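Colleague: Below is the file my_file.cif, which contains mmCIF, C-alpha atoms.
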data_work
loop_
_atom_site.label_atom_id
_atom_site.label_comp_id
_atom_site.auth_asym_id
_atom_site.auth_seq_id
_atom_site.Cartn_x
_atom_site.Cartn_y
_atom_site.Cartn_z
CA MET A 1 202.75 -28.85 -215.17
CA SER A 2 206.01 -27.03 -215.03
CA MET A 3 206.97 -24.20 -212.72
CA LYS A 4 209.68 -21.62 -212.99
CA ARG A 5 212.31 -21.79 -210.29
CA ARG A 6 211.53 -18.14 -209.44
CA ASP A 7 207.77 -18.84 -208.93
CA PHE A 8 208.53 -21.88 -206.80
CA LEU A 9 210.78 -19.83 -204.54
CA LYS A 10 208.12 -17.12 -204.22
CA ILE A 11 205.42 -19.57 -203.15
CA ALA A 12 207.75 -21.42 -200.80
CA GLY A 13 208.90 -18.14 -199.24
CA ILE A 14 205.41 -16.76 -198.69
CA SER A 15 204.06 -20.00 -197.25
CA SER A 16 206.93 -20.32 -194.79
CA ILE A 17 206.40 -16.72 -193.64
CA LEU A 18 202.71 -17.45 -193.14
CA SER A 19 203.33 -20.59 -191.13
CA VAL A 20 205.80 -18.79 -188.88
CA GLY A 21 203.26 -16.00 -188.42
CA ALA A 22 200.57 -18.47 -187.40
CA LYS A 23 202.91 -20.10 -184.89
CA ILE A 24 203.75 -16.73 -183.36
CA ALA A 25 200.06 -15.86 -183.14
CA GLU A 26 199.35 -19.15 -181.43
CA ALA A 27 202.20 -18.75 -178.96
CA THR A 28 201.42 -15.18 -177.98
CA HIS A 29 197.66 -15.55 -178.03
CA PRO A 30 196.99 -19.09 -176.92
CA ALA A 31 193.24 -19.15 -176.51
CA TRP A 32 191.05 -19.26 -179.56
CA VAL A 33 193.05 -18.48 -182.62
CA THR A 34 190.38 -20.32 -184.57
CA GLY A 35 187.40 -19.35 -182.45
CA PRO A 36 184.93 -21.55 -180.59
CA ASP A 37 184.28 -25.15 -181.49
CA PRO A 38 181.44 -25.16 -184.06
CA LYS A 39 179.60 -27.57 -181.75
CA GLN A 40 179.34 -24.78 -179.19
CA LEU A 41 177.36 -22.56 -181.54
CA VAL A 42 173.80 -23.75 -181.84
CA PRO A 43 170.60 -22.16 -183.10
CA ASN A 44 167.79 -21.64 -180.63
CA LYS A 45 165.41 -24.56 -180.32
CA GLN A 46 162.33 -22.39 -180.61
CA ALA A 47 163.65 -20.56 -183.71
CA LEU A 48 161.33 -20.45 -186.72
CA SER A 49 162.99 -21.72 -189.85
CA ALA A 50 162.18 -21.86 -193.54
CA LYS A 51 163.80 -22.54 -196.86
CA ARG A 52 162.57 -19.24 -198.23
CA TRP A 53 160.77 -16.66 -196.14
CA ALA A 54 158.23 -14.59 -198.03
CA MET A 55 155.32 -12.29 -197.26
CA ILE A 56 151.88 -11.61 -198.66
CA VAL A 57 150.41 -8.16 -198.20
CA ASP A 58 146.64 -8.43 -198.51
CA MET A 59 145.57 -4.89 -199.31
CA THR A 60 141.89 -5.78 -198.91
CA LYS A 61 142.49 -6.23 -195.19
CA PHE A 62 144.07 -2.82 -194.74
CA LYS A 63 140.83 -0.92 -194.31
CA THR A 64 142.21 2.49 -193.40
CA GLU A 65 145.50 4.30 -193.50
CA ALA A 66 145.62 3.97 -189.72
CA ASP A 67 146.09 0.21 -190.12
CA THR A 68 149.22 0.76 -192.20
CA LEU A 69 150.53 3.44 -189.86
CA LYS A 70 150.09 1.06 -186.92
CA VAL A 71 152.18 -1.55 -188.69
CA ILE A 72 154.89 0.98 -189.54
CA ASP A 73 154.92 2.22 -185.97
CA ALA A 74 155.25 -1.29 -184.53
CA CYS A 75 158.19 -2.04 -186.83
CA HIS A 76 159.97 1.21 -186.17
CA ARG A 77 159.52 0.92 -182.42
CA ALA A 78 160.80 -2.65 -182.36
CA HIS A 79 163.94 -1.68 -184.23
CA ASN A 80 164.67 1.73 -182.74
CA VAL A 81 164.23 3.47 -186.07
CA PRO A 82 164.74 7.23 -185.67
CA ASP A 83 161.79 9.46 -186.53
CA PHE A 84 163.24 12.78 -187.64
CA ARG A 85 160.81 15.66 -187.76
CA THR A 86 161.09 19.20 -189.06
CA PRO A 87 160.21 21.98 -186.56
CA ASP A 88 156.61 22.04 -187.87
CA GLY A 89 156.18 18.35 -187.04
CA LYS A 90 156.35 16.88 -190.53
CA VAL A 91 158.62 13.97 -191.46
CA ASP A 92 162.05 15.35 -192.31
CA LYS A 93 162.50 13.91 -195.80
CA LYS A 94 166.21 14.66 -195.84
CA LEU A 95 166.96 12.58 -192.75
CA GLU A 96 164.10 10.07 -192.94
CA VAL A 97 164.93 6.46 -192.07
CA LYS A 98 162.28 3.92 -193.05
CA TRP A 99 161.93 0.19 -192.87
CA ILE A 100 158.28 0.12 -193.91
CA TRP A 101 156.54 3.01 -195.63
CA GLN A 102 153.56 3.81 -197.82
CA ALA A 103 153.46 4.33 -201.55
CA GLY A 104 150.67 4.95 -204.05
CA PHE A 105 149.99 2.46 -206.86
CA GLU A 106 152.00 4.35 -209.46
CA ARG A 107 155.07 4.46 -207.26
CA ALA A 108 154.75 0.95 -205.95
CA PHE A 109 153.98 -0.70 -209.29
CA PRO A 110 155.22 1.62 -212.04
CA GLY A 111 154.27 0.50 -215.53
CA GLN A 112 151.25 -1.42 -214.28
CA ASP A 113 149.11 1.69 -213.76
CA ASN A 114 146.79 3.11 -216.37
CA LYS A 115 145.00 6.33 -217.03
CA TYR A 116 141.51 5.03 -216.23
CA MET A 117 142.19 2.84 -213.24
CA SER A 118 139.91 3.33 -210.27
CA GLU A 119 140.71 6.17 -207.94
CA HIS A 120 140.36 3.72 -205.08
CA LEU A 121 143.22 1.60 -206.34
CA LYS A 122 145.30 4.54 -207.44
CA ASP A 123 145.21 6.18 -204.03
CA MET A 124 145.51 3.00 -202.01
CA PRO A 125 148.46 3.41 -199.62
CA PHE A 126 150.45 0.28 -200.29
CA MET A 127 152.62 -0.96 -197.51
CA VAL A 128 156.07 -1.31 -199.00
CA LEU A 129 159.29 -2.64 -197.54
CA CYS A 130 162.46 -4.46 -198.52
CA ASN A 131 161.54 -7.22 -200.98
CA HIS A 132 164.23 -9.64 -199.83
CA CYS A 133 164.96 -10.43 -203.47
CA ASP A 134 166.19 -13.75 -204.80
CA ASN A 135 168.86 -11.86 -206.68
CA PRO A 136 169.40 -8.66 -204.73
CA PRO A 137 171.35 -5.88 -206.43
CA CYS A 138 172.30 -4.43 -203.05
CA VAL A 139 174.22 -7.60 -202.17
CA ARG A 140 175.98 -7.64 -205.51
CA VAL A 141 177.24 -4.07 -205.19
CA CYS A 142 178.23 -4.10 -201.52
CA PRO A 143 182.03 -3.81 -201.42
CA THR A 144 182.40 -5.17 -197.87
CA GLN A 145 179.77 -7.94 -197.90
CA ALA A 146 178.02 -6.00 -195.17
CA THR A 147 174.75 -6.95 -196.84
CA TYR A 148 174.29 -10.56 -197.78
CA LYS A 149 171.76 -13.34 -198.20
CA LEU A 150 170.95 -15.67 -195.36
CA LYS A 151 170.19 -19.30 -196.25
CA ASN A 152 166.51 -18.71 -195.57
CA GLY A 153 166.25 -16.02 -198.24
CA ILE A 154 166.43 -12.99 -195.98
CA THR A 155 168.60 -10.15 -197.25
CA MET A 156 170.43 -9.24 -194.09
CA GLN A 157 172.96 -6.61 -193.12
CA ASP A 158 175.88 -6.55 -190.77
CA MET A 159 176.04 -3.04 -189.34
CA HIS A 160 179.49 -3.77 -187.97
CA ARG A 161 180.78 -4.03 -191.51
CA CYS A 162 178.92 -1.23 -193.24
CA ILE A 163 181.23 1.55 -194.37
CA GLY A 164 178.41 3.82 -195.47
CA CYS A 165 179.33 3.94 -199.17
CA ARG A 166 175.64 3.83 -200.16
CA PHE A 167 176.22 1.66 -203.23
CA CYS A 168 173.34 -0.52 -202.02
CA MET A 169 171.02 2.46 -201.97
CA ALA A 170 171.92 3.18 -205.57
CA GLY A 171 171.51 -0.50 -206.43
CA CYS A 172 168.13 -1.10 -204.78
CA PRO A 173 165.31 -0.46 -207.29
CA TYR A 174 162.74 -0.24 -204.49
CA GLY A 175 164.28 2.52 -202.38
CA ALA A 176 164.19 0.19 -199.41
CA ARG A 177 167.40 1.44 -197.87
CA SER A 178 167.96 4.50 -195.74
CA PHE A 179 171.16 6.19 -194.74
CA ASN A 180 171.85 7.54 -191.27
CA TRP A 181 172.97 11.05 -192.12
CA VAL A 182 173.16 11.98 -188.43
CA ASP A 183 173.37 10.03 -185.20
CA PRO A 184 169.93 8.39 -184.81
CA ARG A 185 170.04 9.22 -181.08
CA LYS A 186 169.35 12.81 -182.08
CA ALA A 187 165.80 11.89 -183.10
CA ALA A 188 163.25 12.81 -180.44
CA ASN A 189 161.69 9.35 -180.39
CA LEU A 190 165.01 7.72 -179.45
CA ASP A 191 166.36 10.38 -177.13
CA VAL A 192 165.64 9.17 -173.61
CA LYS A 193 166.23 12.64 -172.18
CA ARG A 194 163.43 14.01 -174.35
CA GLY A 195 160.98 11.26 -173.42
CA GLY A 196 161.94 8.90 -176.22
CA LYS A 197 161.46 5.19 -175.76
CA LEU A 198 163.97 2.58 -176.77
CA ASN A 199 163.53 -1.12 -177.30
CA ASN A 200 166.36 -2.29 -175.07
CA GLU A 201 166.42 -5.70 -176.68
CA TYR A 202 167.53 -4.38 -180.05
CA PRO A 203 170.46 -2.12 -180.90
CA GLN A 204 170.34 1.22 -182.61
CA ARG A 205 172.46 2.20 -185.53
CA THR A 206 175.22 4.74 -185.71
CA LYS A 207 175.81 7.69 -187.98
CA GLY A 208 177.04 6.67 -191.42
CA VAL A 209 175.46 3.25 -191.94
CA VAL A 210 172.65 2.11 -194.21
CA GLU A 211 169.69 0.23 -192.76
CA LYS A 212 166.53 -1.50 -193.89
CA CYS A 213 163.97 -4.17 -193.01
CA THR A 214 165.50 -7.47 -191.86
CA PHE A 215 162.28 -9.54 -191.91
CA CYS A 216 162.75 -9.46 -188.12
CA THR A 217 165.41 -12.14 -188.25
CA GLU A 218 166.14 -11.46 -184.55
CA ARG A 219 162.51 -12.27 -183.71
CA LEU A 220 162.39 -15.37 -185.92
CA GLN A 221 165.44 -16.62 -184.05
CA ILE A 222 163.51 -16.57 -180.78
CA GLY A 223 160.37 -18.05 -182.26
CA LYS A 224 158.35 -14.89 -182.82
CA MET A 225 156.68 -13.70 -186.02
CA PRO A 226 157.85 -10.36 -187.47
CA ALA A 227 156.66 -7.26 -185.61
CA CYS A 228 154.65 -6.01 -188.60
CA VAL A 229 152.77 -9.31 -188.93
CA GLU A 230 151.77 -9.16 -185.27
CA ALA A 231 150.64 -5.54 -185.49
CA ALA A 232 148.68 -5.87 -188.74
CA PRO A 233 144.93 -6.51 -188.92
CA LYS A 234 144.19 -10.24 -188.85
CA GLY A 235 145.35 -11.90 -192.07
CA ALA A 236 146.55 -8.67 -193.66
CA LEU A 237 150.16 -9.73 -193.56
CA LEU A 238 150.97 -13.38 -194.08
CA PHE A 239 154.46 -14.60 -193.48
CA GLY A 240 155.73 -18.07 -194.26
CA ASP A 241 157.84 -20.46 -196.25
CA LEU A 242 157.50 -20.06 -200.00
CA GLU A 243 159.26 -23.37 -200.65
CA ASP A 244 156.91 -25.34 -198.43
CA GLN A 245 154.01 -26.61 -200.58
CA ASN A 246 151.68 -26.77 -197.61
CA SER A 247 152.34 -23.33 -196.22
CA GLU A 248 149.49 -20.86 -196.17
CA ILE A 249 151.27 -18.29 -198.28
CA ARG A 250 152.26 -20.83 -200.92
CA LYS A 251 148.64 -21.97 -201.23
CA ILE A 252 147.42 -18.41 -201.64
CA ILE A 253 150.07 -17.56 -204.20
CA THR A 254 149.26 -20.64 -206.29
CA THR A 255 145.48 -20.13 -206.14
CA ARG A 256 145.06 -16.37 -206.32
CA TYR A 257 146.37 -13.56 -208.48
CA THR A 258 149.18 -11.68 -206.80
CA ILE A 259 151.47 -8.96 -208.05
CA ARG A 260 154.98 -8.05 -207.06
CA ARG A 261 156.93 -4.84 -207.34
CA LYS A 262 158.98 -4.48 -210.54
CA PRO A 263 159.36 -8.22 -211.23
CA ASP A 264 160.60 -7.43 -214.75
CA LEU A 265 163.91 -6.26 -213.27
CA GLY A 266 164.75 -9.86 -212.47
CA THR A 267 165.44 -9.30 -208.80
CA GLY A 268 162.89 -11.90 -207.70
CA PRO A 269 161.07 -9.95 -204.98
CA ALA A 270 159.52 -12.01 -202.18
CA ILE A 271 156.72 -9.63 -201.17
CA TYR A 272 153.45 -10.55 -202.88
CA TYR A 273 150.47 -8.18 -203.02
CA LEU A 274 146.81 -9.15 -203.13
CA ILE A 275 144.93 -6.11 -204.36
CA GLY A 276 141.56 -7.47 -205.44
CA GLY A 277 138.32 -5.69 -204.61
CA SER A 278 136.71 -8.82 -203.19
CA ASP A 279 138.03 -11.82 -201.34
CA HIS A 280 138.19 -13.90 -204.51
CA ALA A 281 139.54 -11.36 -206.94
CA MET B 1 239.37 15.13 -177.63
CA ARG B 2 237.45 18.29 -176.96
CA LEU B 3 233.74 18.95 -176.91
CA TYR B 4 232.95 22.18 -178.75
CA ASN B 5 230.02 24.18 -177.41
CA GLY B 6 229.88 21.70 -174.53
CA GLY B 7 227.76 23.93 -172.31
CA LEU B 8 225.04 24.33 -174.91
CA ILE B 9 224.98 20.68 -175.88
CA ILE B 10 224.78 19.37 -172.34
CA THR B 11 222.12 21.91 -171.39
CA GLY B 12 220.20 20.87 -174.53
CA ILE B 13 220.38 17.20 -173.60
CA VAL B 14 219.23 17.88 -170.05
CA VAL B 15 216.30 20.00 -171.29
CA PHE B 16 215.36 17.34 -173.84
CA LEU B 17 215.41 14.55 -171.26
CA ALA B 18 213.39 16.62 -168.83
CA LEU B 19 210.74 17.29 -171.49
CA ALA B 20 210.68 13.76 -172.84
CA THR B 21 210.25 12.16 -169.44
CA PHE B 22 207.89 14.81 -168.14
CA PRO B 23 204.71 12.73 -168.74
CA PHE B 24 206.10 9.92 -166.61
CA TYR B 25 206.99 12.16 -163.66
CA TYR B 26 203.79 14.11 -164.00
CA ASN B 27 201.61 11.00 -163.77
CA ILE B 28 203.37 9.27 -160.91
CA GLY B 29 200.77 8.23 -158.35
CA LYS B 30 197.96 9.80 -160.33
CA ALA B 31 195.99 8.26 -163.16
CA ASN B 32 197.77 4.94 -163.10
CA ALA B 33 196.12 3.60 -159.99
CA LYS B 34 194.46 0.30 -160.89
CA PRO B 35 190.70 0.51 -160.96
CA ASP B 36 188.98 -1.10 -158.00
CA ILE B 37 186.44 -3.19 -159.87
CA LYS B 38 183.02 -3.52 -158.36
CA LEU B 39 181.25 -6.68 -159.44
CA GLU B 40 178.31 -6.69 -157.05
CA PRO B 41 175.23 -6.46 -159.30
CA ALA B 42 176.48 -9.15 -161.66
CA ILE B 43 176.82 -11.92 -159.18
CA LYS B 44 173.31 -11.52 -157.85
CA MET B 45 171.83 -11.48 -161.33
CA SER B 46 173.64 -14.59 -162.51
CA GLU B 47 172.40 -16.44 -159.44
CA GLU B 48 168.86 -15.47 -160.37
CA ARG B 49 169.25 -16.43 -164.00
CA TYR B 50 171.33 -19.57 -163.80
CA GLY B 51 171.15 -20.65 -160.18
CA LYS B 52 174.83 -20.07 -159.49
CA LYS B 53 177.58 -17.55 -159.75
CA GLN B 54 178.99 -18.01 -163.18
CA CYS B 55 180.00 -16.17 -166.28
CA VAL B 56 179.98 -17.60 -169.79
CA GLU B 57 183.52 -18.87 -169.36
CA PRO B 58 185.93 -18.79 -166.38
CA LYS B 59 186.51 -15.31 -165.04
CA GLU B 60 190.21 -15.10 -165.82
CA TRP B 61 189.65 -16.27 -169.38
CA ILE B 62 186.85 -13.77 -169.88
CA ARG B 63 189.01 -10.93 -168.61
CA ARG B 64 191.67 -11.78 -171.15
CA GLU B 65 189.61 -12.91 -174.11
CA HIS B 66 186.15 -11.30 -173.91
CA MET B 67 186.79 -9.18 -176.96
CA VAL B 68 187.59 -12.26 -179.04
CA LEU B 69 184.53 -14.03 -177.67
CA LEU B 70 182.32 -11.06 -178.56
CA ASN B 71 183.66 -10.95 -182.10
CA HIS B 72 182.86 -14.62 -182.60
CA TRP B 73 179.44 -14.18 -181.06
CA ARG B 74 178.73 -11.30 -183.38
CA ASP B 75 179.64 -13.32 -186.46
CA ALA B 76 177.66 -16.35 -185.32
CA VAL B 77 174.51 -14.33 -184.62
CA VAL B 78 174.57 -11.87 -187.47
CA ARG B 79 175.92 -14.02 -190.26
CA ASP B 80 174.97 -17.61 -189.31
CA GLU B 81 171.81 -17.01 -187.26
CA ASN B 82 173.08 -19.00 -184.30
CA ARG B 83 171.94 -17.59 -180.99
CA GLY B 84 172.93 -20.31 -178.53
CA TYR B 85 176.41 -20.71 -177.05
CA LEU B 86 177.36 -23.74 -174.98
CA SER B 87 179.92 -22.83 -172.36
CA THR B 88 183.13 -24.87 -172.45
CA ASP B 89 183.31 -24.36 -168.70
CA THR B 90 179.93 -25.56 -167.46
CA GLY B 91 178.04 -26.58 -170.59
CA THR B 92 175.32 -24.07 -169.76
CA ARG B 93 173.53 -22.65 -172.77
CA PHE B 94 173.82 -18.89 -173.12
CA ASN B 95 172.06 -16.52 -175.45
CA MET B 96 174.69 -14.83 -177.58
CA SER B 97 173.72 -11.23 -177.09
CA LEU B 98 175.45 -8.23 -175.63
CA GLN B 99 172.27 -6.40 -174.63
CA ASN B 100 170.15 -9.42 -173.77
CA GLU B 101 172.76 -11.59 -172.06
CA CYS B 102 176.01 -9.91 -170.98
CA MET B 103 174.45 -6.68 -169.79
CA GLN B 104 171.62 -8.47 -168.02
CA CYS B 105 174.08 -9.57 -165.33
CA HIS B 106 176.71 -6.92 -165.86
CA SER B 107 174.02 -4.35 -165.44
CA SER B 108 176.31 -1.37 -165.08
CA LYS B 109 178.35 -0.28 -168.05
CA LYS B 110 180.28 2.11 -165.82
CA ASN B 111 181.43 -0.64 -163.49
CA PHE B 112 181.97 -3.43 -165.96
CA CYS B 113 183.15 -1.78 -169.14
CA ASP B 114 184.31 1.73 -168.53
CA GLN B 115 186.50 1.23 -165.47
CA CYS B 116 188.99 -1.02 -167.21
CA HIS B 117 188.56 0.41 -170.67
CA ASN B 118 189.30 3.90 -169.41
CA TYR B 119 192.29 2.64 -167.47
CA MET B 120 193.62 0.84 -170.53
CA ALA B 121 192.63 3.74 -172.81
CA VAL B 122 190.73 1.47 -175.18
CA LYS B 123 187.64 2.81 -176.86
CA PRO B 124 185.58 -0.01 -178.34
CA PHE B 125 182.65 1.22 -180.42
CA CYS B 126 180.06 -1.22 -179.03
CA TRP B 127 177.93 1.57 -177.57
CA ASP B 128 177.73 3.60 -180.73
CA CYS B 129 174.83 1.33 -181.60
CA HIS B 130 174.15 -1.03 -178.72
CA ILE B 131 172.07 0.31 -175.88
CA ALA B 132 173.74 0.40 -172.49
CA PRO B 133 171.64 -0.49 -169.45
CA THR B 134 170.36 2.48 -167.48
CA GLU B 135 172.72 3.26 -164.63
CA LYS B 136 170.74 2.87 -161.43
CA GLU B 137 172.24 5.36 -159.01
CA GLU B 138 173.50 8.09 -161.26
CA ALA B 139 171.80 9.62 -164.28
CA ARG B 140 172.66 8.31 -167.74
CA SER B 141 175.78 9.95 -169.02
#
Output the file's structure as structure tokens, nothing else.
Modeller:
Amino acid sequence: MSMKRRDFLKIAGISSILSVGAKIAEATHPAWVTGPDPKQLVPNKQALSAKRWAMIVDMTKFKTEADTLKVIDACHRAHNVPDFRTPDGKVDKKLEVKWIWQAGFERAFPGQDNKYMSEHLKDMPFMVLCNHCDNPPCVRVCPTQATYKLKNGITMQDMHRCIGCRFCMAGCPYGARSFNWVDPRKAANLDVKRGGKLNNEYPQRTKGVVEKCTFCTERLQIGKMPACVEAAPKGALLFGDLEDQNSEIRKIITTRYTIRRKPDLGTGPAIYYLIGGSDHA
Amino acid sequence: MRLYNGGLIITGIVVFLALATFPFYYNIGKANAKPDIKLEPAIKMSEERYGKKQCVEPKEWIRREHMVLLNHWRDAVVRDENRGYLSTDTGTRFNMSLQNECMQCHSSKKNFCDQCHNYMAVKPFCWDCHIAPTEKEEARS
């Protein structure tokens, strides 16, 4: 390998400037240039862990729409999701922020519907949420790495980093991401002065950031199951480790027929739906 | 040597100096009084939670470096899923959380954050998203 004299001088010059800079930083700011000792940062002992978190939505267990609404409500309460309403009390579609929502079969599974399918199936309100894809387009397009994959498969976001460019919303084929067009504190359900209730253990968001389901990573870290799983009818939402051969969800997925949303896009969604009419469909 | 238009120039300089230093004279003895920090609620709470008066790290260090600490905590929790922090001071395990740890003892944002931050004219954006504890005596601002 040969190097031009000019290139050598450039590299030498830049590296000496950097080393002087680091020394100055150390001298003027003695504590913690590099941060805490990694040994000081430890996960909680009671935290739930997995190689790959995934969820099964058993639509046979959601008997009525009220069951789904209860789940949505539990999630949105736990995460201080604003509920914007128009003056006549309907959901304000322009400002709506949603982590979990409902979709009909055609919207949830486009391309898998057919003209003669049963009305029951067609009108079934599927509970849909972020799919925590294996290969998430939102992560690929995010210019600030504000959204990223955790080791356990969860597609997570760092609200401190989000610049509100909304590339992820354009990238997500499931519409799982919502933008905060206005300060979420303006929503009646979060405004304490107007009788709103906040979950004081979880932050809100600010105007100009994108948000979505996080698989309740903050709850998993303290040993709790996701809020939706707890609020759902028994067995309707199953949450577990897809990579663990003995986990309940893995057994169900290997023995029963499940469908996923838009798997042909190659995103590798991790939400599996059981839609059969009977328990062994 | 002769100064042309001396009267005008000297008057100009005097006026300029008077204007430029006006903020300093104007504020003498006013806004620059050091805040008298009230720490009362914190100490009680930490005794309840950890059995003794203590913060995550020594008080002087925290006063100087809390912003750096919080940045590292944020990264550890959000990006690496670590929630526990072992204090270099006492070895006690703390939950890395602004709302669920810091503000549990420092239960008044007005006393613990705003007094110094206002004095120093720094405006961190923590509370754009994070929920401040309800102020006990006065109504929420």
Colleague: Expand the PyMOL selection byres ((chain A) within 8 of (chain B)) into the explicit residue set it covers here, and present it as an NGL selection string.
Modeller: :A and (31-32 or 35-36 or 40-44 or 150 or 157-158 or 200-206 or 221)
Colleague: What's the separation between CA of Glu106 in chain A and CA of Pro173 in chain A, in Å to one decimal place?
Modeller: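 Separating CA of Glu106 in chain A from CA of Pro173 in chain A is a distance of 14.3 Å.
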Colleague: I'd like the interatomic distance between CA of Cys165 in chain A and CA of Leu198 in chain A, to a tenth of an Å.
Modeller: 27.2 Å
Colleague: Counting all atoms listed in the file, figure out which residue out of B:Ser108, B:Asn27, B:Asn5, B:Thr92 gets nearest to Cys55 in chain B.
Modeller: B:Thr92
Colleague: Of the candidates A:Ala146, A:Met225, A:Val210, A:Leu190, which shows the shortest atom-to-atom distance to Met169 in chain A, using all atoms listed in the file?
Modeller: A:Val210
